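To be precise, the following lines are input_14.cif, and they hold mmCIF, C-alpha atoms and all ligand atoms.
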data_protein
loop_
_atom_site.label_atom_id
_atom_site.label_comp_id
_atom_site.auth_asym_id
_atom_site.auth_seq_id
_atom_site.Cartn_x
_atom_site.Cartn_y
_atom_site.Cartn_z
CA MET A 8 -19.73 -23.41 -24.47
CA SER A 9 -18.50 -24.17 -20.96
CA GLU A 10 -15.89 -21.91 -19.42
CA ARG A 11 -12.35 -23.21 -19.88
CA LEU A 12 -10.92 -21.47 -16.81
CA SER A 13 -11.78 -21.58 -13.11
CA ALA A 14 -13.99 -18.93 -11.56
CA LEU A 15 -10.91 -17.73 -9.65
CA ALA A 16 -8.85 -17.37 -12.81
CA ARG A 17 -11.65 -15.50 -14.52
CA SER A 18 -12.08 -13.15 -11.57
CA MET A 19 -8.39 -12.18 -11.41
CA GLN A 20 -7.59 -8.63 -12.36
CA GLY A 21 -4.35 -7.73 -14.08
CA SER A 22 -2.05 -5.36 -12.21
CA GLN A 23 -2.75 -1.72 -13.07
CA ILE A 24 0.87 -0.91 -12.33
CA LEU A 25 2.09 -3.34 -14.97
CA ARG A 26 -0.45 -1.97 -17.47
CA ILE A 27 0.87 1.54 -16.86
CA ALA A 28 4.47 0.29 -17.05
CA ALA A 29 3.74 -1.21 -20.48
CA GLU A 30 2.35 2.13 -21.73
CA VAL A 31 5.41 3.93 -20.38
CA GLY A 32 7.70 1.38 -22.03
CA GLU A 33 6.12 2.10 -25.41
CA LEU A 34 6.60 5.84 -24.96
CA ILE A 35 10.25 5.38 -24.01
CA ALA A 36 10.76 3.11 -27.05
CA SER A 37 9.32 5.87 -29.25
CA GLY A 38 12.18 8.13 -28.12
CA LYS A 39 10.25 10.55 -25.88
CA PRO A 40 12.05 11.86 -22.79
CA VAL A 41 10.43 10.07 -19.84
CA CYS A 42 11.29 10.11 -16.16
CA ASN A 43 10.13 6.64 -15.20
CA LEU A 44 8.88 6.77 -11.63
CA THR A 45 6.42 3.90 -12.06
CA VAL A 46 7.78 0.52 -11.05
CA GLY A 47 8.70 -0.36 -7.46
CA ASP A 48 12.00 -1.75 -8.61
CA PHE A 49 15.63 -0.76 -9.00
CA ALA A 50 17.58 -0.18 -12.17
CA PRO A 51 20.74 -2.23 -11.44
CA PRO A 52 23.09 0.36 -13.00
CA GLN A 53 21.70 2.91 -10.52
CA PHE A 54 21.30 0.51 -7.59
CA PRO A 55 23.43 -2.64 -7.80
CA VAL A 56 23.17 -5.42 -5.20
CA PRO A 57 25.94 -5.64 -2.57
CA ALA A 58 29.15 -7.01 -4.11
CA LYS A 59 29.40 -9.46 -1.21
CA LEU A 60 25.99 -10.86 -2.11
CA SER A 61 26.63 -11.40 -5.82
CA ALA A 62 30.11 -12.83 -5.15
CA GLY A 63 28.61 -15.10 -2.50
CA ILE A 64 25.96 -16.45 -4.86
CA THR A 65 28.55 -17.20 -7.53
CA LYS A 66 30.82 -18.89 -4.99
CA GLN A 67 28.00 -21.09 -3.66
CA LEU A 68 26.85 -22.08 -7.15
CA GLN A 69 30.39 -23.03 -8.10
CA ALA A 70 30.64 -25.04 -4.90
CA GLY A 71 27.73 -27.16 -6.11
CA GLN A 72 24.90 -25.71 -4.02
CA THR A 73 22.38 -26.56 -6.70
CA ASN A 74 19.99 -29.11 -5.19
CA TYR A 75 16.74 -28.65 -3.26
CA PRO A 76 16.96 -26.66 -0.04
CA PRO A 77 14.91 -27.86 2.95
CA SER A 78 11.37 -26.52 2.48
CA THR A 79 11.63 -24.35 5.61
CA GLY A 80 14.93 -22.86 4.43
CA LEU A 81 18.58 -23.67 5.08
CA PRO A 82 19.50 -23.62 8.80
CA GLU A 83 22.37 -21.23 8.00
CA LEU A 84 19.92 -18.56 6.80
CA ARG A 85 17.24 -19.25 9.41
CA ASN A 86 19.86 -18.86 12.15
CA ALA A 87 21.20 -15.74 10.46
CA VAL A 88 17.70 -14.19 10.47
CA VAL A 89 17.37 -14.94 14.21
CA ALA A 90 20.70 -13.20 14.92
CA PHE A 91 19.90 -10.36 12.49
CA TYR A 92 16.59 -9.57 14.24
CA LYS A 93 18.27 -9.65 17.63
CA GLU A 94 21.03 -7.30 16.52
CA TRP A 95 19.12 -4.87 14.32
CA LEU A 96 15.54 -4.97 15.61
CA GLY A 97 16.25 -5.91 19.22
CA PHE A 98 13.93 -8.84 19.75
CA ASP A 99 14.28 -12.60 20.09
CA VAL A 100 12.79 -14.95 17.54
CA PRO A 101 12.78 -18.75 18.03
CA LEU A 102 14.36 -20.70 15.18
CA ASP A 103 11.05 -22.42 14.43
CA GLY A 104 9.53 -18.96 14.03
CA VAL A 105 11.49 -18.37 10.80
CA LEU A 106 10.54 -19.58 7.33
CA ILE A 107 12.62 -18.81 4.23
CA CYS A 108 10.79 -18.15 0.94
CA ALA A 109 11.47 -16.87 -2.56
CA GLY A 110 10.91 -13.22 -1.64
CA GLY A 111 8.10 -11.50 0.22
CA ARG A 112 5.16 -12.53 -1.93
CA PRO A 113 5.09 -16.22 -0.93
CA VAL A 114 5.16 -15.10 2.70
CA ILE A 115 2.02 -13.05 2.15
CA TYR A 116 0.33 -15.84 0.21
CA GLY A 117 1.29 -18.44 2.84
CA ALA A 118 0.13 -16.27 5.75
CA TYR A 119 -3.25 -15.69 4.12
CA HIS A 120 -3.68 -19.40 3.52
CA ALA A 121 -2.52 -20.40 6.99
CA LEU A 122 -4.79 -17.93 8.78
CA VAL A 123 -7.79 -16.97 6.68
CA ASN A 124 -10.82 -19.06 5.79
CA ALA A 125 -13.07 -18.19 2.88
CA GLY A 126 -15.34 -15.38 4.01
CA ASP A 127 -13.11 -14.28 6.91
CA ARG A 128 -12.68 -10.54 7.22
CA VAL A 129 -9.30 -9.13 6.28
CA VAL A 130 -8.71 -5.49 7.20
CA TYR A 131 -6.27 -3.34 5.27
CA PRO A 132 -5.74 0.34 4.63
CA THR A 133 -6.12 1.98 1.25
CA PRO A 134 -3.95 2.94 -0.46
CA SER A 135 -1.79 -0.13 0.12
CA TRP A 136 0.17 -2.59 -1.94
CA SER A 137 -1.63 -5.53 -3.57
CA ASN A 138 -4.17 -6.29 -0.84
CA GLU A 139 -7.04 -5.62 -3.21
CA TYR A 140 -5.65 -8.46 -5.36
CA TYR A 141 -4.78 -10.92 -2.61
CA THR A 142 -8.02 -10.66 -0.64
CA PRO A 143 -10.43 -11.73 -3.40
CA MET A 144 -7.92 -14.23 -4.75
CA LEU A 145 -8.13 -16.02 -1.42
CA LEU A 146 -11.90 -15.56 -1.13
CA ALA A 147 -11.61 -13.42 2.01
CA THR A 148 -13.98 -10.55 2.72
CA PRO A 149 -12.11 -7.26 2.31
CA VAL A 150 -12.56 -4.53 4.89
CA GLU A 151 -10.93 -1.42 3.51
CA VAL A 152 -9.90 1.46 5.75
CA PRO A 153 -9.29 4.59 3.68
CA CYS A 154 -6.31 6.59 4.95
CA GLY A 155 -5.41 10.15 4.03
CA ARG A 156 -2.47 12.45 4.15
CA GLU A 157 -3.07 13.55 7.76
CA SER A 158 -2.00 10.11 9.03
CA GLY A 159 0.69 9.57 6.39
CA PHE A 160 -1.75 7.40 4.38
CA LEU A 161 -1.40 4.87 7.19
CA PRO A 162 -4.10 3.69 9.58
CA THR A 163 -4.45 4.73 13.21
CA ALA A 164 -6.30 2.97 16.02
CA ALA A 165 -9.00 5.61 15.55
CA SER A 166 -9.37 5.12 11.78
CA LEU A 167 -9.47 1.33 12.22
CA GLY A 168 -12.33 1.90 14.65
CA ASP A 169 -14.66 -1.09 14.83
CA SER A 170 -13.19 -2.77 11.76
CA LEU A 171 -11.09 -5.13 13.92
CA ARG A 172 -14.19 -6.59 15.61
CA GLY A 173 -14.48 -10.15 14.42
CA ALA A 174 -11.74 -9.67 11.81
CA ARG A 175 -9.21 -12.41 11.22
CA LEU A 176 -6.26 -10.51 9.82
CA LEU A 177 -5.03 -6.91 9.79
CA ILE A 178 -2.44 -6.10 7.14
CA VAL A 179 -0.15 -3.12 7.55
CA ASN A 180 3.08 -2.05 5.90
CA SER A 181 5.75 0.40 7.06
CA PRO A 182 7.79 1.94 5.47
CA MET A 183 4.87 2.07 3.13
CA ASN A 184 4.31 1.22 -0.49
CA PRO A 185 2.94 3.38 -2.14
CA ALA A 186 3.28 6.46 0.10
CA GLY A 187 6.90 6.24 1.34
CA THR A 188 5.62 7.13 4.81
CA MET A 189 6.18 5.37 8.15
CA PHE A 190 4.28 4.64 11.32
CA THR A 191 5.13 6.86 14.26
CA GLU A 192 5.70 5.07 17.54
CA GLU A 193 2.35 6.30 18.91
CA GLN A 194 0.49 5.32 15.75
CA LEU A 195 1.77 1.74 15.66
CA GLY A 196 1.58 1.42 19.44
CA GLY A 197 -2.08 2.46 19.33
CA ILE A 198 -2.84 -0.13 16.67
CA CYS A 199 -1.07 -2.85 18.70
CA ASP A 200 -3.15 -1.89 21.74
CA ALA A 201 -6.33 -2.16 19.67
CA VAL A 202 -5.29 -5.63 18.44
CA LEU A 203 -4.40 -6.77 21.96
CA ALA A 204 -7.69 -5.43 23.31
CA GLU A 205 -9.65 -7.22 20.59
CA ASN A 206 -7.85 -10.50 21.36
CA ALA A 207 -8.35 -10.01 25.11
CA ARG A 208 -12.07 -9.53 24.45
CA ARG A 209 -12.21 -12.76 22.44
CA GLU A 210 -10.39 -14.68 25.15
CA ALA A 211 -12.28 -13.19 28.09
CA GLY A 212 -15.64 -13.88 26.53
CA GLY A 213 -14.71 -17.55 26.37
CA SER A 214 -15.83 -17.28 22.77
CA ARG A 215 -14.55 -19.72 20.23
CA GLU A 216 -13.53 -16.84 17.98
CA ARG A 217 -10.04 -17.39 16.60
CA PRO A 218 -7.53 -14.63 17.32
CA LEU A 219 -6.91 -11.55 15.23
CA PHE A 220 -3.47 -11.64 13.58
CA VAL A 221 -1.37 -8.86 12.08
CA LEU A 222 0.57 -9.31 8.88
CA PHE A 223 3.30 -6.72 9.38
CA ASP A 224 5.00 -6.06 6.09
CA GLN A 225 8.39 -4.51 6.74
CA MET A 226 9.92 -5.22 3.38
CA TYR A 227 11.51 -1.73 3.27
CA TRP A 228 12.51 -1.34 6.92
CA MET A 229 16.22 -0.77 6.27
CA LEU A 230 15.47 2.07 3.84
CA THR A 231 14.74 5.11 6.00
CA PHE A 232 15.76 8.76 5.59
CA GLY A 233 16.02 12.02 7.47
CA GLY A 234 16.22 10.37 10.88
CA ALA A 235 12.91 8.48 10.49
CA LYS A 236 12.84 5.46 12.82
CA HIS A 237 11.27 2.08 12.09
CA PHE A 238 9.12 0.50 14.80
CA THR A 239 7.85 -3.07 15.06
CA PRO A 240 4.81 -4.46 16.88
CA THR A 241 7.01 -6.83 18.92
CA GLY A 242 9.49 -4.08 19.75
CA LEU A 243 6.71 -1.82 21.04
CA ARG A 244 4.47 -4.45 22.65
CA PRO A 245 6.25 -7.80 23.23
CA GLU A 246 2.84 -9.54 23.66
CA MET A 247 2.24 -8.83 19.95
CA ALA A 248 4.74 -11.56 18.98
CA LYS A 249 1.95 -14.13 19.47
CA TYR A 250 -0.22 -12.45 16.86
CA THR A 251 2.26 -11.02 14.34
CA VAL A 252 3.65 -12.47 11.13
CA TYR A 253 6.45 -10.36 9.64
CA VAL A 254 7.02 -10.11 5.90
CA ASP A 255 10.67 -9.37 5.18
CA GLY A 256 13.51 -10.09 2.78
CA ILE A 257 16.38 -8.71 0.77
CA SER A 258 14.38 -7.52 -2.25
CA LYS A 259 14.37 -3.86 -1.28
CA SER A 260 16.90 -3.55 1.56
CA PHE A 261 19.69 -4.87 -0.67
CA ALA A 262 18.19 -3.73 -4.02
CA ALA A 263 17.88 -7.44 -4.83
CA THR A 264 14.35 -7.76 -6.22
CA GLY A 265 15.38 -10.41 -8.74
CA VAL A 266 17.44 -12.51 -6.35
CA ARG A 267 14.30 -13.82 -4.60
CA VAL A 268 15.13 -14.32 -0.96
CA GLY A 269 12.59 -13.44 1.73
CA TRP A 270 11.44 -14.71 5.07
CA ALA A 271 8.49 -14.90 7.39
CA VAL A 272 8.94 -14.43 11.12
CA GLY A 273 6.07 -15.31 13.39
CA PRO A 274 4.52 -17.67 15.93
CA ALA A 275 5.87 -21.21 15.49
CA ASP A 276 2.44 -22.79 14.85
CA VAL A 277 1.62 -20.31 12.09
CA ILE A 278 5.10 -20.57 10.56
CA LYS A 279 4.83 -24.38 10.55
CA ALA A 280 1.47 -24.23 8.73
CA MET A 281 2.85 -21.72 6.22
CA GLY A 282 5.87 -23.93 5.60
CA ASP A 283 3.69 -27.00 5.05
CA LEU A 284 1.50 -25.10 2.57
CA LEU A 285 4.33 -23.49 0.67
CA ALA A 286 6.27 -26.76 0.46
CA HIS A 287 3.69 -27.92 -2.04
CA ILE A 288 4.13 -24.77 -4.08
CA GLY A 289 7.91 -24.92 -4.11
CA ALA A 290 8.28 -21.20 -3.44
CA TRP A 291 11.77 -21.73 -2.01
CA ALA A 292 14.71 -19.43 -2.42
CA PRO A 293 17.53 -21.27 -4.22
CA ARG A 294 20.30 -22.72 -2.03
CA ALA A 295 23.12 -20.54 -3.32
CA GLU A 296 21.09 -17.36 -2.77
CA GLN A 297 20.14 -18.50 0.73
CA LEU A 298 23.73 -19.20 1.76
CA ALA A 299 24.99 -15.94 0.30
CA THR A 300 22.20 -14.05 2.09
CA ALA A 301 23.11 -15.76 5.37
CA GLU A 302 26.70 -14.53 4.98
CA MET A 303 25.47 -11.02 4.15
CA LEU A 304 23.08 -10.81 7.11
CA ALA A 305 25.83 -11.97 9.46
CA ASP A 306 28.16 -9.20 8.29
CA SER A 307 26.86 -5.99 9.85
CA ALA A 308 29.86 -4.04 8.61
CA ALA A 309 29.14 -5.05 5.00
CA ILE A 310 25.48 -4.05 5.40
CA ARG A 311 26.42 -0.67 6.81
CA GLU A 312 29.00 -0.14 4.09
CA PHE A 313 26.46 -0.99 1.39
CA HIS A 314 23.83 1.32 2.85
CA LYS A 315 26.39 4.12 3.14
CA THR A 316 26.12 4.39 -0.64
CA MET A 317 22.59 3.19 -1.29
CA LEU A 318 20.67 5.28 1.23
CA PRO A 319 22.12 8.69 0.28
CA ALA A 320 21.58 7.82 -3.40
CA LEU A 321 17.90 7.08 -2.78
CA GLU A 322 17.50 10.06 -0.49
CA GLU A 323 19.06 12.36 -3.09
CA ARG A 324 16.47 11.28 -5.67
CA LEU A 325 13.55 11.56 -3.24
CA ASN A 326 14.75 15.00 -2.09
CA LEU A 327 15.11 16.19 -5.68
CA LEU A 328 11.51 15.16 -6.31
CA ALA A 329 10.20 16.68 -3.07
CA ASP A 330 12.18 19.91 -3.51
CA GLY A 331 11.13 20.26 -7.15
CA ILE A 332 7.49 19.82 -6.21
CA ALA A 333 7.83 22.24 -3.29
CA ALA A 334 9.27 24.88 -5.67
CA LEU A 335 6.30 24.42 -8.02
CA LYS A 336 3.93 24.69 -5.07
CA ARG A 337 5.55 27.99 -4.06
CA GLU A 338 4.85 29.24 -7.57
CA GLY A 339 1.17 28.54 -6.96
CA PHE A 340 0.70 25.27 -8.82
CA PRO A 341 -1.73 22.84 -7.14
CA VAL A 342 0.94 20.30 -6.22
CA ASP A 343 2.23 18.85 -2.98
CA SER A 344 4.25 15.97 -1.58
CA THR A 345 4.98 14.22 1.67
CA PRO A 346 8.58 14.49 2.97
CA PRO A 347 10.88 11.55 2.13
CA GLN A 348 10.77 9.11 5.05
CA GLY A 349 11.19 5.52 3.94
CA ALA A 350 11.06 2.89 1.17
CA ILE A 351 11.81 4.09 -2.37
CA TYR A 352 8.69 6.20 -2.76
CA LEU A 353 7.32 9.67 -2.41
CA SER A 354 3.61 10.56 -2.36
CA ALA A 355 2.94 13.48 -4.67
CA GLN A 356 -0.26 15.33 -5.35
CA PHE A 357 -1.08 16.86 -8.73
CA ALA A 358 -4.52 18.23 -7.91
CA LEU A 359 -5.56 18.94 -11.48
CA ASN A 360 -8.95 17.24 -11.16
CA GLY A 361 -11.62 19.35 -12.86
CA LYS A 362 -9.07 21.49 -14.74
CA ARG A 363 -8.81 21.85 -18.50
CA ALA A 364 -5.85 20.52 -20.51
CA PRO A 365 -4.54 22.59 -23.45
CA ASP A 366 -6.53 20.43 -25.90
CA GLY A 367 -9.75 21.39 -24.09
CA THR A 368 -10.41 18.09 -22.37
CA VAL A 369 -11.26 18.22 -18.68
CA LEU A 370 -9.04 16.14 -16.41
CA GLN A 371 -11.61 14.39 -14.22
CA THR A 372 -9.91 11.39 -12.75
CA ASN A 373 -6.42 10.60 -11.53
CA GLU A 374 -6.09 8.35 -14.58
CA ASP A 375 -6.76 11.44 -16.80
CA ILE A 376 -4.07 13.34 -14.88
CA ARG A 377 -1.64 10.44 -15.15
CA ARG A 378 -2.03 10.29 -18.92
CA TYR A 379 -1.75 14.06 -19.28
CA LEU A 380 1.44 14.26 -17.22
CA LEU A 381 2.93 11.26 -19.00
CA HIS A 382 2.32 12.54 -22.50
CA SER A 383 2.93 16.26 -21.89
CA ALA A 384 5.78 16.16 -19.35
CA GLY A 385 7.17 12.63 -19.63
CA LEU A 386 6.32 12.15 -15.93
CA ALA A 387 5.57 8.46 -15.51
CA ALA A 388 3.92 7.82 -12.15
CA VAL A 389 1.22 5.58 -10.69
CA GLN A 390 -1.95 6.99 -9.15
CA PHE A 391 -3.09 5.78 -5.72
CA GLN A 392 -6.10 4.11 -7.40
CA ALA A 393 -3.70 1.35 -8.47
CA PHE A 394 -3.30 0.70 -4.73
CA GLY A 395 -6.99 0.50 -3.96
CA ALA A 396 -7.63 4.18 -3.14
CA ARG A 397 -11.03 5.45 -4.27
CA GLU A 398 -10.69 9.21 -3.86
CA GLU A 399 -9.87 11.17 -7.02
CA THR A 400 -7.70 13.79 -5.32
CA GLY A 401 -4.65 13.68 -7.51
CA TRP A 402 -2.31 11.60 -5.30
CA PHE A 403 0.40 9.56 -7.01
CA ARG A 404 3.28 7.26 -6.09
CA LEU A 405 6.66 8.37 -7.36
CA SER A 406 9.22 5.54 -7.26
CA ALA A 407 12.87 6.61 -7.22
CA GLY A 408 14.69 3.30 -7.73
CA ALA A 409 15.02 3.33 -11.49
CA VAL A 410 15.97 6.95 -12.27
CA SER A 411 19.11 9.05 -12.02
CA PRO A 412 19.30 12.48 -10.39
CA ALA A 413 19.80 13.89 -13.90
CA ASP A 414 16.51 12.30 -15.03
CA ILE A 415 14.68 14.09 -12.20
CA LYS A 416 16.39 17.43 -12.86
CA ALA A 417 15.44 17.18 -16.52
CA LEU A 418 11.84 16.37 -15.59
CA MET A 419 11.13 19.47 -13.50
CA PRO A 420 11.02 22.12 -16.30
CA ARG A 421 8.85 19.79 -18.41
CA LEU A 422 6.52 19.30 -15.44
CA ARG A 423 6.34 23.05 -14.85
CA GLU A 424 5.36 23.63 -18.47
CA ALA A 425 2.71 20.92 -18.37
CA LEU A 426 1.22 22.34 -15.17
CA ALA A 427 1.22 25.85 -16.65
CA GLY A 428 -0.74 24.54 -19.61
CA VAL A 429 -3.65 23.43 -17.44
CA LYS A 430 -6.36 25.98 -16.69
C1 LIG B 1 5.12 -3.66 0.60
C2 LIG B 1 5.66 -4.80 -0.16
N1 LIG B 1 5.63 -6.02 0.38
C3 LIG B 1 6.09 -7.10 -0.26
C4 LIG B 1 6.60 -6.99 -1.54
C5 LIG B 1 7.04 -8.24 -2.24
O1 LIG B 1 8.38 -8.36 -2.28
P1 LIG B 1 9.09 -9.48 -3.19
O2 LIG B 1 9.50 -8.81 -4.45
O3 LIG B 1 10.24 -9.94 -2.36
O4 LIG B 1 8.10 -10.58 -3.44
C6 LIG B 1 6.64 -5.74 -2.16
C7 LIG B 1 7.14 -5.61 -3.53
O5 LIG B 1 7.01 -4.62 -4.19
C8 LIG B 1 6.15 -4.62 -1.45
O6 LIG B 1 6.16 -3.41 -2.01
#

Could you quickly redo this structure as structure tokens?
Amino acid sequence: MSERLSALARSMQGSQILRIAAEVGELIASGKPVCNLTVGDFAPPQFPVPAKLSAGITKQLQAGQTNYPPSTGLPELRNAVVAFYKEWLGFDVPLDGVLICAGGRPVIYGAYHALVNAGDRVVYPTPSWSNEYYTPMLLATPVEVPCGRESGFLPTAASLGDSLRGARLLIVNSPMNPAGTMFTEEQLGGICDAVLAENARREAGGSRERPLFVLFDQMYWMLTFGGAKHFTPTGLRPEMAKYTVYVDGISKSFAATGVRVGWAVGPADVIKAMGDLLAHIGAWAPRAEQLATAEMLADSAAIREFHKTMLPALEERLNLLADGIAALKREGFPVDSTPPQGAIYLSAQFALNGKRAPDGTVLQTNEDIRRYLLHSAGLAAVQFQAFGAREETGWFRLSAGAVSPADIKALMPRLREALAGVK
């Protein structure tokens, strides 16, 4: 019998994170105590959206803002993004360098389609969010750059090495999903220099090679802790504006993952191509949401007021996790974490690989460790393998957006007991 679905559809892999989330959901439904650190989302009772945003959406809907928006986005929001970048990030963006979409995902999809031909090389670090799904989906050739703890699980010019030669797109993300780490100024500056050097080489050689672009995913840039500072390619090297497409939106910064407003910022020719492509997909943010977001972005005082509550609440949860793990490490357990820096994540290591669980089974892989910690301690986390990492070294993403401080405090004694049970 002939295949009913396309080769692409048959090659698609389901998200490991969602598979794990389903298993966790079943355990919670069975009444077990679980600290759910899996999904990169917010529980609205813990992290509501700004009141100004939800009131604004309601007001705009009631005012009849219910028809199609322009496919590039409403001018009110595009102009608001221009002003927002000037005020908060310190660089100028032309109006035709802004495209409004239904969240960050269509921006990524549109940028891939606007820039990458089948077979082109796309470079991305591992672990990283979703690149291992996007790259094959768009028939690009993946070039993975494994990154470890020493560089915050982020690439450096040195670790990228020769991978940029002949590549079409480099994808980086800071603050980073899954690690919760951020580029230092030197680290990002070095990468920008490598990109500029590669493009200078292509131009100087008179070759017909198309330029190397950077997809700079800064979806979490407003969520930083402990004095960590966010840097942008354009802020560090203004020449990078020609080669950089920014992925951004309100999903994380305003805890508004379900509201679906995002934007691309980039060179006008690329933004135009992305807009033309996405117009056929209809991945627009609804009018009411766009207008309410424009009002929110224009109100710096409201943003600061909102973050005055949200950021300490996130930081408290991340610190509780980091401090709890540090205490276990001091007791001699093979655990570790990075310090909270940005996003809603913490990287944590439970280096139990090769050790024996109380039932006698040997925990070989991170998936074995994940299941053991879930069922013995009610610790629900996602291993870095779900983000394309290959090394079985016990590193996990802990996501703090859907738990309360009490959930984390209750977890720690259960985690201690589970770790003590492993020999
Ligand atoms: C790094 C990163 N970029 C982009 C997105 C997509 O954001 P959105 O939910 O707005 O599509 C996410 C969502 O988890 C993310 O973690």

Test item: residues lying within 9 Å of ligand LIG 1 (chain B) with all atoms listed in the file, as a ChimeraX atom specification = /A:46-48,108-115,135-137,179-185,224-227,254-259,263-270,350

Those same residues - C-alpha atoms - I'd like them written as a PDB file, in the frame of the given file.
ATOM      1  CA  VAL A  46       7.780   0.520 -11.050  1.00  0.00           C
ATOM      2  CA  GLY A  47       8.700  -0.360  -7.460  1.00  0.00           C
ATOM      3  CA  ASP A  48      12.000  -1.750  -8.610  1.00  0.00           C
ATOM      4  CA  CYS A 108      10.790 -18.150   0.940  1.00  0.00           C
ATOM      5  CA  ALA A 109      11.470 -16.870  -2.560  1.00  0.00           C
ATOM      6  CA  GLY A 110      10.910 -13.220  -1.640  1.00  0.00           C
ATOM      7  CA  GLY A 111       8.100 -11.500   0.220  1.00  0.00           C
ATOM      8  CA  ARG A 112       5.160 -12.530  -1.930  1.00  0.00           C
ATOM      9  CA  PRO A 113       5.090 -16.220  -0.930  1.00  0.00           C
ATOM     10  CA  VAL A 114       5.160 -15.100   2.700  1.00  0.00           C
ATOM     11  CA  ILE A 115       2.020 -13.050   2.150  1.00  0.00           C
ATOM     12  CA  SER A 135      -1.790  -0.130   0.120  1.00  0.00           C
ATOM     13  CA  TRP A 136       0.170  -2.590  -1.940  1.00  0.00           C
ATOM     14  CA  SER A 137      -1.630  -5.530  -3.570  1.00  0.00           C
ATOM     15  CA  VAL A 179      -0.150  -3.120   7.550  1.00  0.00           C
ATOM     16  CA  ASN A 180       3.080  -2.050   5.900  1.00  0.00           C
ATOM     17  CA  SER A 181       5.750   0.400   7.060  1.00  0.00           C
ATOM     18  CA  PRO A 182       7.790   1.940   5.470  1.00  0.00           C
ATOM     19  CA  MET A 183       4.870   2.070   3.130  1.00  0.00           C
ATOM     20  CA  ASN A 184       4.310   1.220  -0.490  1.00  0.00           C
ATOM     21  CA  PRO A 185       2.940   3.380  -2.140  1.00  0.00           C
ATOM     22  CA  ASP A 224       5.000  -6.060   6.090  1.00  0.00           C
ATOM     23  CA  GLN A 225       8.390  -4.510   6.740  1.00  0.00           C
ATOM     24  CA  MET A 226       9.920  -5.220   3.380  1.00  0.00           C
ATOM     25  CA  TYR A 227      11.510  -1.730   3.270  1.00  0.00           C
ATOM     26  CA  VAL A 254       7.020 -10.110   5.900  1.00  0.00           C
ATOM     27  CA  ASP A 255      10.670  -9.370   5.180  1.00  0.00           C
ATOM     28  CA  GLY A 256      13.510 -10.090   2.780  1.00  0.00           C
ATOM     29  CA  ILE A 257      16.380  -8.710   0.770  1.00  0.00           C
ATOM     30  CA  SER A 258      14.380  -7.520  -2.250  1.00  0.00           C
ATOM     31  CA  LYS A 259      14.370  -3.860  -1.280  1.00  0.00           C
ATOM     32  CA  ALA A 263      17.880  -7.440  -4.830  1.00  0.00           C
ATOM     33  CA  THR A 264      14.350  -7.760  -6.220  1.00  0.00           C
ATOM     34  CA  GLY A 265      15.380 -10.410  -8.740  1.00  0.00           C
ATOM     35  CA  VAL A 266      17.440 -12.510  -6.350  1.00  0.00           C
ATOM     36  CA  ARG A 267      14.300 -13.820  -4.600  1.00  0.00           C
ATOM     37  CA  VAL A 268      15.130 -14.320  -0.960  1.00  0.00           C
ATOM     38  CA  GLY A 269      12.590 -13.440   1.730  1.00  0.00           C
ATOM     39  CA  TRP A 270      11.440 -14.710   5.070  1.00  0.00           C
ATOM     40  CA  ALA A 350      11.060   2.890   1.170  1.00  0.00           C
TER      41      ALA A 350
END

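Minimum distance to Pro347 in chain A across A:Ala186, A:Ala147, A:Val272, A:Ala28 (counting all atoms listed in the file) occurs at A:Ala186.
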
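The environment of Gln23 in chain A within 9 Å, counting all atoms listed in the file and disregarding residues fewer than 6 places along the same chain, consists of Val389, Gln392, Ala393 and Phe394 of chain A.
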
request  = Quick one: pull the distance between CA of Leu106 in chain A and CA of Asn138 in chain A, Å, one decimal.
outcome  =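 It comes out at 21.4 Å.
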
message = Just to confirm, what's the straight-line distance from CA of Leu298 in chain A to CA of Phe261 in chain A in Å (one decimal)?
response =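 Distance reported for this atom pair: 15.1 Å.
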
key: Spatial neighbours of Phe403 in chain A, 7 Å, all atoms listed in the file, chain gap at least 5 places, as a list in words   =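 The residues satisfying every condition are Ser354, Ala355, Gln356, Ala388, Val389, Gln390 and Phe391 of chain A.
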
query = Taking all atoms listed in the file into account, which of A:Gly349, A:Gly331, A:Gly401, A:Gly361 comes nearest Leu418 in chain A?
reply =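 Going through A:Gly349, A:Gly331, A:Gly401, A:Gly361 one by one, the smallest distance to Leu418 in chain A is for A:Gly331.
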
Using only C-alpha atoms, determine which residues lie at most 8 Å from range 231-248 of chain A, disregarding the query and same-chain residues fewer than 3 positions distant; provide the list as a CSV table (one decimal) with C-alpha atoms, in the frame of the given file.
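The resulting selection_26.csv:
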chain,number,residue,atom,x,y,z
A,96,LEU,CA,15.5,-5.0,15.6
A,97,GLY,CA,16.2,-5.9,19.2
A,98,PHE,CA,13.9,-8.8,19.8
A,181,SER,CA,5.8,0.4,7.1
A,182,PRO,CA,7.8,1.9,5.5
A,189,MET,CA,6.2,5.4,8.2
A,190,PHE,CA,4.3,4.6,11.3
A,191,THR,CA,5.1,6.9,14.3
A,192,GLU,CA,5.7,5.1,17.5
A,195,LEU,CA,1.8,1.7,15.7
A,196,GLY,CA,1.6,1.4,19.4
A,199,CYS,CA,-1.1,-2.8,18.7
A,203,LEU,CA,-4.4,-6.8,22.0
A,223,PHE,CA,3.3,-6.7,9.4
A,228,TRP,CA,12.5,-1.3,6.9
A,251,THR,CA,2.3,-11.0,14.3
A,252,VAL,CA,3.6,-12.5,11.1
A,273,GLY,CA,6.1,-15.3,13.4
A,274,PRO,CA,4.5,-17.7,15.9
A,318,LEU,CA,20.7,5.3,1.2
A,322,GLU,CA,17.5,10.1,-0.5
A,347,PRO,CA,10.9,11.6,2.1
A,348,GLN,CA,10.8,9.1,5.0
A,349,GLY,CA,11.2,5.5,3.9
A,350,ALA,CA,11.1,2.9,1.2
